[in-house]
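*Asks:* I am sharing target_32.txt, which consists of compact mmCIF, N, CA, C and O atoms:
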# COMPACT_ATOMS: atom_id res chain seq x y z
N MET A 224 97.35 81.61 103.67
CA MET A 224 96.24 82.43 103.20
C MET A 224 96.75 83.37 102.12
O MET A 224 97.76 84.04 102.30
N TYR A 225 96.05 83.39 101.01
CA TYR A 225 96.39 84.31 99.95
C TYR A 225 95.12 84.89 99.36
O TYR A 225 94.02 84.40 99.60
N ALA A 226 95.30 85.97 98.60
CA ALA A 226 94.17 86.63 97.96
C ALA A 226 94.59 87.07 96.57
O ALA A 226 95.76 87.32 96.30
N ILE A 227 93.61 87.18 95.69
CA ILE A 227 93.83 87.77 94.37
C ILE A 227 93.13 89.12 94.39
O ILE A 227 91.93 89.21 94.65
N VAL A 228 93.92 90.17 94.18
CA VAL A 228 93.42 91.53 94.33
C VAL A 228 93.75 92.33 93.07
O VAL A 228 94.75 92.06 92.40
N GLU A 229 92.90 93.29 92.75
CA GLU A 229 93.13 94.16 91.60
C GLU A 229 93.76 95.46 92.09
O GLU A 229 93.17 96.18 92.90
N ILE A 230 94.95 95.74 91.58
CA ILE A 230 95.69 96.95 91.94
C ILE A 230 96.07 97.67 90.65
O ILE A 230 96.77 97.10 89.81
N ALA A 231 95.60 98.89 90.49
CA ALA A 231 95.91 99.73 89.34
C ALA A 231 95.61 99.03 88.02
O ALA A 231 96.39 99.09 87.07
N GLY A 232 94.47 98.31 87.96
CA GLY A 232 94.04 97.68 86.73
C GLY A 232 94.65 96.33 86.45
O GLY A 232 94.36 95.73 85.42
N GLN A 233 95.50 95.82 87.34
CA GLN A 233 96.12 94.52 87.16
C GLN A 233 95.77 93.62 88.34
O GLN A 233 95.56 94.11 89.45
N GLN A 234 95.74 92.31 88.11
CA GLN A 234 95.43 91.36 89.16
C GLN A 234 96.72 90.73 89.68
O GLN A 234 97.59 90.34 88.90
N PHE A 235 96.83 90.65 91.03
CA PHE A 235 98.01 90.10 91.67
C PHE A 235 97.59 89.08 92.72
O PHE A 235 96.58 89.25 93.40
N LYS A 236 98.38 88.02 92.85
CA LYS A 236 98.20 87.07 93.95
C LYS A 236 99.11 87.54 95.08
O LYS A 236 100.34 87.64 94.91
N VAL A 237 98.52 87.84 96.24
CA VAL A 237 99.28 88.42 97.35
C VAL A 237 99.13 87.56 98.60
O VAL A 237 98.11 86.92 98.82
N GLU A 238 100.19 87.55 99.40
CA GLU A 238 100.22 86.91 100.70
C GLU A 238 100.81 87.89 101.70
O GLU A 238 101.42 88.89 101.32
N LYS A 239 100.65 87.59 102.98
CA LYS A 239 101.18 88.47 104.02
C LYS A 239 102.70 88.47 103.96
O LYS A 239 103.33 87.46 103.67
N ASP A 240 103.31 89.64 104.19
CA ASP A 240 104.77 89.86 104.20
C ASP A 240 105.42 89.66 102.84
O ASP A 240 106.62 89.43 102.75
N GLN A 241 104.66 89.76 101.77
CA GLN A 241 105.19 89.64 100.41
C GLN A 241 105.54 91.03 99.88
O GLN A 241 104.86 91.99 100.15
N LYS A 242 106.65 91.11 99.12
CA LYS A 242 107.00 92.36 98.44
C LYS A 242 106.48 92.27 97.02
O LYS A 242 106.55 91.22 96.37
N LEU A 243 105.97 93.40 96.53
CA LEU A 243 105.26 93.42 95.26
C LEU A 243 105.57 94.70 94.52
O LEU A 243 105.63 95.77 95.12
N TYR A 244 105.77 94.61 93.21
CA TYR A 244 105.98 95.78 92.36
C TYR A 244 104.73 95.99 91.52
O TYR A 244 104.32 95.10 90.79
N VAL A 245 104.12 97.19 91.64
CA VAL A 245 102.92 97.54 90.89
C VAL A 245 103.19 98.82 90.12
O VAL A 245 104.18 99.51 90.36
N HIS A 246 102.28 99.17 89.21
CA HIS A 246 102.42 100.44 88.50
C HIS A 246 102.39 101.59 89.50
O HIS A 246 101.79 101.50 90.56
N HIS A 247 103.03 102.68 89.14
CA HIS A 247 103.23 103.82 90.05
C HIS A 247 101.91 104.31 90.64
O HIS A 247 100.95 104.58 89.90
N LEU A 248 101.85 104.41 91.98
CA LEU A 248 100.63 104.80 92.68
C LEU A 248 100.63 106.26 93.11
O LEU A 248 99.58 106.83 93.35
N GLY A 249 101.77 106.88 93.27
CA GLY A 249 101.83 108.27 93.70
C GLY A 249 101.72 108.44 95.20
O GLY A 249 101.44 109.53 95.68
N ALA A 250 101.92 107.39 95.97
CA ALA A 250 101.87 107.47 97.43
C ALA A 250 103.27 107.73 97.98
O ALA A 250 104.27 107.48 97.31
N GLU A 251 103.33 108.23 99.21
CA GLU A 251 104.62 108.55 99.83
C GLU A 251 105.20 107.34 100.54
O GLU A 251 104.48 106.40 100.88
N ARG A 252 106.51 107.39 100.80
CA ARG A 252 107.20 106.30 101.48
C ARG A 252 106.66 106.14 102.90
O ARG A 252 106.48 107.11 103.61
N GLY A 253 106.37 104.92 103.29
CA GLY A 253 105.89 104.63 104.63
C GLY A 253 104.38 104.74 104.79
O GLY A 253 103.85 104.36 105.83
N SER A 254 103.67 105.24 103.79
CA SER A 254 102.22 105.36 103.91
C SER A 254 101.56 104.00 103.70
O SER A 254 102.09 103.12 103.04
N VAL A 255 100.39 103.85 104.30
CA VAL A 255 99.64 102.59 104.21
C VAL A 255 98.51 102.79 103.21
O VAL A 255 97.75 103.75 103.29
N VAL A 256 98.42 101.89 102.24
CA VAL A 256 97.37 101.94 101.24
C VAL A 256 96.49 100.70 101.39
O VAL A 256 96.96 99.63 101.77
N GLU A 257 95.20 100.86 101.09
CA GLU A 257 94.25 99.77 101.18
C GLU A 257 93.66 99.49 99.80
O GLU A 257 93.36 100.42 99.05
N PHE A 258 93.46 98.23 99.50
CA PHE A 258 92.86 97.81 98.25
C PHE A 258 91.63 96.97 98.60
O PHE A 258 91.74 95.97 99.30
N ASP A 259 90.46 97.40 98.11
CA ASP A 259 89.23 96.71 98.46
C ASP A 259 88.65 95.90 97.31
O ASP A 259 87.62 95.27 97.47
N LYS A 260 89.32 95.87 96.17
CA LYS A 260 88.85 95.05 95.05
C LYS A 260 89.48 93.66 95.15
O LYS A 260 90.36 93.29 94.38
N VAL A 261 89.02 92.89 96.14
CA VAL A 261 89.51 91.53 96.36
C VAL A 261 88.61 90.58 95.57
O VAL A 261 87.40 90.55 95.78
N LEU A 262 89.21 89.81 94.67
CA LEU A 262 88.45 88.94 93.78
C LEU A 262 88.32 87.51 94.31
O LEU A 262 87.34 86.84 94.02
N LEU A 263 89.31 87.05 95.07
CA LEU A 263 89.31 85.68 95.58
C LEU A 263 90.14 85.62 96.84
O LEU A 263 91.16 86.31 96.95
N ILE A 264 89.71 84.80 97.80
CA ILE A 264 90.48 84.57 99.02
C ILE A 264 90.53 83.06 99.26
O ILE A 264 89.52 82.38 99.19
N ASP A 265 91.75 82.56 99.54
CA ASP A 265 91.94 81.16 99.91
C ASP A 265 92.44 81.15 101.34
O ASP A 265 93.56 81.57 101.62
N ASN A 266 91.61 80.66 102.25
CA ASN A 266 91.94 80.61 103.68
C ASN A 266 92.10 79.15 104.08
O ASN A 266 91.15 78.51 104.51
N ASP A 267 93.30 78.61 103.91
CA ASP A 267 93.63 77.22 104.26
C ASP A 267 92.69 76.23 103.58
O ASP A 267 92.11 75.35 104.23
N GLY A 268 92.50 76.37 102.29
CA GLY A 268 91.67 75.45 101.53
C GLY A 268 90.23 75.89 101.36
O GLY A 268 89.51 75.36 100.52
N LYS A 269 89.78 76.83 102.17
CA LYS A 269 88.41 77.35 102.04
C LYS A 269 88.46 78.55 101.08
O LYS A 269 88.99 79.60 101.42
N ILE A 270 87.90 78.37 99.89
CA ILE A 270 88.01 79.39 98.85
C ILE A 270 86.72 80.18 98.78
O ILE A 270 85.62 79.61 98.72
N ILE A 271 86.87 81.51 98.79
CA ILE A 271 85.74 82.42 98.64
C ILE A 271 85.96 83.19 97.35
O ILE A 271 86.99 83.85 97.18
N VAL A 272 85.00 83.10 96.44
CA VAL A 272 85.10 83.79 95.15
C VAL A 272 84.08 84.91 95.12
O VAL A 272 82.92 84.72 95.46
N GLY A 273 84.51 86.10 94.74
CA GLY A 273 83.61 87.25 94.66
C GLY A 273 82.88 87.29 93.34
O GLY A 273 83.27 86.66 92.37
N ALA A 274 81.79 88.06 93.34
CA ALA A 274 81.00 88.22 92.12
C ALA A 274 80.67 89.68 91.91
O ALA A 274 79.59 90.09 92.26
N PRO A 275 81.50 90.54 91.41
CA PRO A 275 82.89 90.34 91.01
C PRO A 275 83.88 90.50 92.15
O PRO A 275 85.00 90.01 92.07
N THR A 276 83.51 91.19 93.25
CA THR A 276 84.43 91.34 94.37
C THR A 276 83.78 90.81 95.65
O THR A 276 82.56 90.62 95.71
N ILE A 277 84.61 90.62 96.66
CA ILE A 277 84.14 90.16 97.96
C ILE A 277 83.89 91.38 98.84
O ILE A 277 84.79 92.18 99.06
N SER A 278 82.65 91.52 99.31
CA SER A 278 82.33 92.69 100.14
C SER A 278 82.94 92.51 101.53
O SER A 278 82.89 91.44 102.11
N GLY A 279 83.53 93.57 102.04
CA GLY A 279 84.14 93.55 103.37
C GLY A 279 85.58 93.09 103.39
O GLY A 279 86.25 93.21 104.40
N ALA A 280 86.07 92.55 102.31
CA ALA A 280 87.46 92.07 102.25
C ALA A 280 88.36 93.21 101.76
O ALA A 280 87.96 94.03 100.94
N LYS A 281 89.57 93.25 102.31
CA LYS A 281 90.53 94.27 101.87
C LYS A 281 91.94 93.78 102.12
O LYS A 281 92.18 92.87 102.93
N VAL A 282 92.87 94.40 101.43
CA VAL A 282 94.29 94.11 101.56
C VAL A 282 94.98 95.41 101.90
O VAL A 282 94.78 96.43 101.23
N THR A 283 95.76 95.42 102.98
CA THR A 283 96.52 96.62 103.36
C THR A 283 97.99 96.39 103.04
O THR A 283 98.51 95.29 103.23
N ALA A 284 98.63 97.44 102.57
CA ALA A 284 100.03 97.35 102.18
C ALA A 284 100.74 98.65 102.56
O ALA A 284 100.11 99.70 102.66
N GLU A 285 102.04 98.55 102.77
CA GLU A 285 102.87 99.71 103.10
C GLU A 285 103.77 100.00 101.91
O GLU A 285 104.31 99.08 101.29
N VAL A 286 103.93 101.28 101.60
CA VAL A 286 104.79 101.69 100.48
C VAL A 286 106.23 101.66 100.96
O VAL A 286 106.63 102.42 101.86
N VAL A 287 107.04 100.77 100.38
CA VAL A 287 108.45 100.66 100.74
C VAL A 287 109.27 101.67 99.95
O VAL A 287 110.03 102.45 100.50
N THR A 288 109.10 101.65 98.64
CA THR A 288 109.79 102.58 97.75
C THR A 288 108.76 103.17 96.80
O THR A 288 108.13 102.42 96.04
N PRO A 289 108.54 104.50 96.84
CA PRO A 289 107.47 105.07 96.02
C PRO A 289 107.77 105.11 94.52
O PRO A 289 106.85 105.08 93.72
N LEU A 290 109.05 105.14 94.12
CA LEU A 290 109.35 105.24 92.69
C LEU A 290 110.55 104.36 92.37
O LEU A 290 111.66 104.62 92.82
N VAL A 291 110.30 103.32 91.61
CA VAL A 291 111.34 102.41 91.14
C VAL A 291 111.17 102.32 89.63
O VAL A 291 110.05 102.29 89.13
N LYS A 292 112.28 102.31 88.91
CA LYS A 292 112.19 102.15 87.46
C LYS A 292 112.36 100.68 87.10
O LYS A 292 113.23 99.99 87.63
N GLY A 293 111.51 100.21 86.22
CA GLY A 293 111.56 98.82 85.76
C GLY A 293 112.68 98.63 84.76
O GLY A 293 113.44 99.54 84.45
N GLU A 294 112.76 97.42 84.22
CA GLU A 294 113.77 97.11 83.22
C GLU A 294 113.48 97.85 81.92
O GLU A 294 112.34 98.15 81.61
N LYS A 295 114.54 98.12 81.17
CA LYS A 295 114.38 98.84 79.91
C LYS A 295 113.81 97.92 78.84
O LYS A 295 114.26 96.79 78.67
N VAL A 296 112.80 98.44 78.15
CA VAL A 296 112.20 97.74 77.03
C VAL A 296 112.55 98.52 75.77
O VAL A 296 112.29 99.73 75.69
N LEU A 297 113.15 97.84 74.79
CA LEU A 297 113.54 98.50 73.55
C LEU A 297 112.46 98.28 72.50
O LEU A 297 111.98 97.16 72.30
N VAL A 298 112.06 99.37 71.84
CA VAL A 298 111.06 99.33 70.79
C VAL A 298 111.75 99.76 69.50
O VAL A 298 112.24 100.88 69.40
N PHE A 299 111.80 98.86 68.51
CA PHE A 299 112.52 99.10 67.26
C PHE A 299 111.54 99.10 66.10
O PHE A 299 110.76 98.17 65.93
N HIS A 300 111.57 100.18 65.31
CA HIS A 300 110.73 100.31 64.13
C HIS A 300 111.64 100.34 62.90
O HIS A 300 112.67 101.00 62.90
N LYS A 301 111.24 99.63 61.86
CA LYS A 301 112.02 99.59 60.63
C LYS A 301 111.07 99.43 59.45
O LYS A 301 110.09 98.69 59.52
N LYS A 302 111.35 100.17 58.39
CA LYS A 302 110.63 100.00 57.13
C LYS A 302 111.66 99.56 56.10
O LYS A 302 112.64 100.27 55.84
N ARG A 303 111.43 98.41 55.52
CA ARG A 303 112.43 97.86 54.61
C ARG A 303 112.53 98.66 53.32
O ARG A 303 111.54 99.24 52.85
N ARG A 304 113.72 98.71 52.80
CA ARG A 304 114.06 99.38 51.53
C ARG A 304 113.88 100.90 51.58
O ARG A 304 113.92 101.54 50.55
N ASN A 305 113.64 101.48 52.73
CA ASN A 305 113.48 102.94 52.82
C ASN A 305 114.55 103.60 53.67
O ASN A 305 114.59 104.82 53.76
N GLY A 306 115.40 102.83 54.30
CA GLY A 306 116.43 103.40 55.15
C GLY A 306 115.87 103.98 56.44
O GLY A 306 116.50 104.83 57.06
N TYR A 307 114.68 103.55 56.83
CA TYR A 307 114.03 104.08 58.03
C TYR A 307 114.23 103.11 59.19
O TYR A 307 113.81 101.95 59.13
N ARG A 308 114.92 103.60 60.22
CA ARG A 308 115.09 102.83 61.44
C ARG A 308 114.94 103.77 62.62
O ARG A 308 115.43 104.90 62.60
N LYS A 309 114.24 103.32 63.66
CA LYS A 309 114.05 104.13 64.86
C LYS A 309 114.09 103.21 66.07
O LYS A 309 113.45 102.16 66.08
N LEU A 310 114.84 103.61 67.09
CA LEU A 310 114.98 102.81 68.30
C LEU A 310 114.58 103.67 69.49
O LEU A 310 115.14 104.74 69.70
N ASN A 311 113.58 103.22 70.23
CA ASN A 311 113.14 103.91 71.44
C ASN A 311 113.30 102.97 72.62
O ASN A 311 113.11 101.77 72.50
N GLY A 312 113.60 103.55 73.78
CA GLY A 312 113.67 102.79 75.02
C GLY A 312 112.63 103.31 75.99
O GLY A 312 112.25 104.47 75.95
N HIS A 313 112.16 102.41 76.86
CA HIS A 313 111.14 102.80 77.84
C HIS A 313 111.42 102.07 79.15
O HIS A 313 111.70 100.87 79.15
N ARG A 314 111.33 102.80 80.27
CA ARG A 314 111.43 102.20 81.60
C ARG A 314 110.18 102.59 82.37
O ARG A 314 109.93 103.76 82.61
N GLN A 315 109.40 101.59 82.77
CA GLN A 315 108.13 101.82 83.46
C GLN A 315 108.40 102.25 84.91
O GLN A 315 109.27 101.71 85.58
N HIS A 316 107.63 103.22 85.39
CA HIS A 316 107.70 103.64 86.78
C HIS A 316 106.87 102.69 87.64
O HIS A 316 105.71 102.42 87.33
N MET A 317 107.47 102.19 88.71
CA MET A 317 106.82 101.21 89.57
C MET A 317 106.84 101.70 91.02
O MET A 317 107.58 102.60 91.37
N THR A 318 105.99 101.09 91.85
CA THR A 318 105.97 101.32 93.29
C THR A 318 106.17 99.98 93.97
O THR A 318 105.53 99.00 93.62
N GLU A 319 107.08 99.94 94.96
CA GLU A 319 107.31 98.70 95.70
C GLU A 319 106.45 98.69 96.95
O GLU A 319 106.49 99.63 97.74
N LEU A 320 105.65 97.64 97.12
CA LEU A 320 104.74 97.50 98.25
C LEU A 320 105.13 96.30 99.09
O LEU A 320 105.66 95.32 98.58
N LYS A 321 104.84 96.37 100.40
CA LYS A 321 104.95 95.23 101.30
C LYS A 321 103.57 94.96 101.86
O LYS A 321 102.96 95.82 102.49
N ILE A 322 103.03 93.77 101.61
CA ILE A 322 101.69 93.42 102.03
C ILE A 322 101.70 93.20 103.54
O ILE A 322 102.44 92.36 104.05
N ASN A 323 100.88 93.98 104.26
CA ASN A 323 100.81 93.86 105.72
C ASN A 323 99.75 92.87 106.17
O ASN A 323 99.99 92.08 107.09
N ASN A 324 98.56 92.91 105.55
CA ASN A 324 97.45 92.13 106.07
C ASN A 324 96.46 91.84 104.96
O ASN A 324 96.25 92.66 104.07
N VAL A 325 95.85 90.66 105.04
CA VAL A 325 94.75 90.28 104.16
C VAL A 325 93.54 90.02 105.06
O VAL A 325 93.56 89.09 105.87
N VAL A 326 92.51 90.86 104.95
CA VAL A 326 91.33 90.75 105.80
C VAL A 326 90.20 90.16 104.97
O VAL A 326 89.82 90.69 103.94
N ALA A 327 89.66 89.02 105.45
CA ALA A 327 88.57 88.36 104.73
C ALA A 327 87.22 88.90 105.17
O ALA A 327 87.02 89.38 106.24
Please re-express this file's structure in structure tokens.
*Replies:*
Amino acid sequence: MYAIVEIAGQQFKVEKDQKLYVHHLGAERGSVVEFDKVLLIDNDGKIIVGAPTISGAKVTAEVVTPLVKGEKVLVFHKKRRNGYRKLNGHRQHMTELKINNVVA
């Protein structure tokens, strides 16, 4: 059984006992969060599609690590023939979740 759920503006395919990295939520370690924007559920071949969401369906998850930094992304700007070069780095703040339950 899996579900496609919208978390912090992004869509994720989730299953029970899966670990997932999402954009920073601001929740504390060990707290349980619920997501009710479930877009699709596949229950052993029986597919339920929401329009746009499925009413009564939710996904519960536990916060494993509240703040994790993602990989560094380098942003390089250059203007030719002007001697202009600029290098910036960015590391996105993430939250690690463990999916506890998918309720249809």
*Asks:* Using all atoms listed in the file, which of A:Ala250, A:Thr283, A:Gly273, A:Leu262 sits nearest Asn323 in chain A?
*Replies:*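 Using all atoms listed in the file, the shortest distance to Asn323 in chain A belongs to A:Thr283.
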*Asks:* Which residues are near Asn311 in chain A? Cut-off 9 Å, only C-alpha atoms, ignore same chain within fewer than 6 positions. Put them as a list in words.
*Replies:*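 Those residues are Val296, Leu297, Val298, Phe299 and His300 of chain A.
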*Asks:* Given the point (116.2, 98.1, 87.7) in the coordinates of this file, which residues lie within 12 Å, counting only C-alpha atoms, and how would they look as a PyMOL selection string?
*Replies:* chain A and resi 244+290-296+314-317+319
*Asks:* Out of A:Thr318, A:Ala280, A:Ala226, A:Arg252, which residue has the shortest atom-to-atom distance to Asp265 in chain A when counting only C-alpha atoms?
*Replies:*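 For Asp265 in chain A, the nearest of the given residues is A:Ala226.
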*Asks:* Please report the interatomic distance between CA of Ala274 in chain A and CA of Glu257 in chain A in Å with one decimal.
*Replies:*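 Interatomic distance here is 19.8 Å.
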*Asks:* From the options A:Leu248, A:Val261, A:Ala327, A:Leu243, which residue's atoms come nearest to Ala231 in chain A, counting only C-alpha atoms?
*Replies:*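 Answer, going by the shortest atom-to-atom distance: A:Leu248.
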*Asks:* Report the distance between CA of Asp240 in chain A and atom C of Val272 in chain A in Å, rounded to one decimal place.
*Replies:*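 Separation between CA of Asp240 in chain A and atom C of Val272 in chain A: 23.1 Å.
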*Asks:* Using all atoms listed in the file, which of the listed residues (A:Arg303, A:His247, A:Val255, A:Leu263) sits closest to Phe235 in chain A?
*Replies:*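 Once distances to Phe235 in chain A are computed over all atoms listed in the file, the minimum belongs to A:Leu263.
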*Asks:* With all atoms listed in the file as the basis for distance, which of A:Val287, A:Ile230, A:Ile271, A:Val326 is at the shortest distance from Val245 in chain A?
*Replies:*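 Checking each of A:Val287, A:Ile230, A:Ile271, A:Val326 against Val245 in chain A, counting all atoms listed in the file, the winner is A:Ile230.
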*Asks:* What is the atom O of Lys281 in chain A-atom N of Met224 in chain A distance in Å, reported with one decimal?
*Replies:*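 These atoms are spaced 12.4 Å apart.
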*Asks:* Output as a PyMOL selection string all residues of range 225-326 of chain A that backbone DSSP marks as strand (DSSP E).
*Replies:* chain A and resi 225-230+233-238+242-246+255-258+261-266+269-272+281-302+307-326
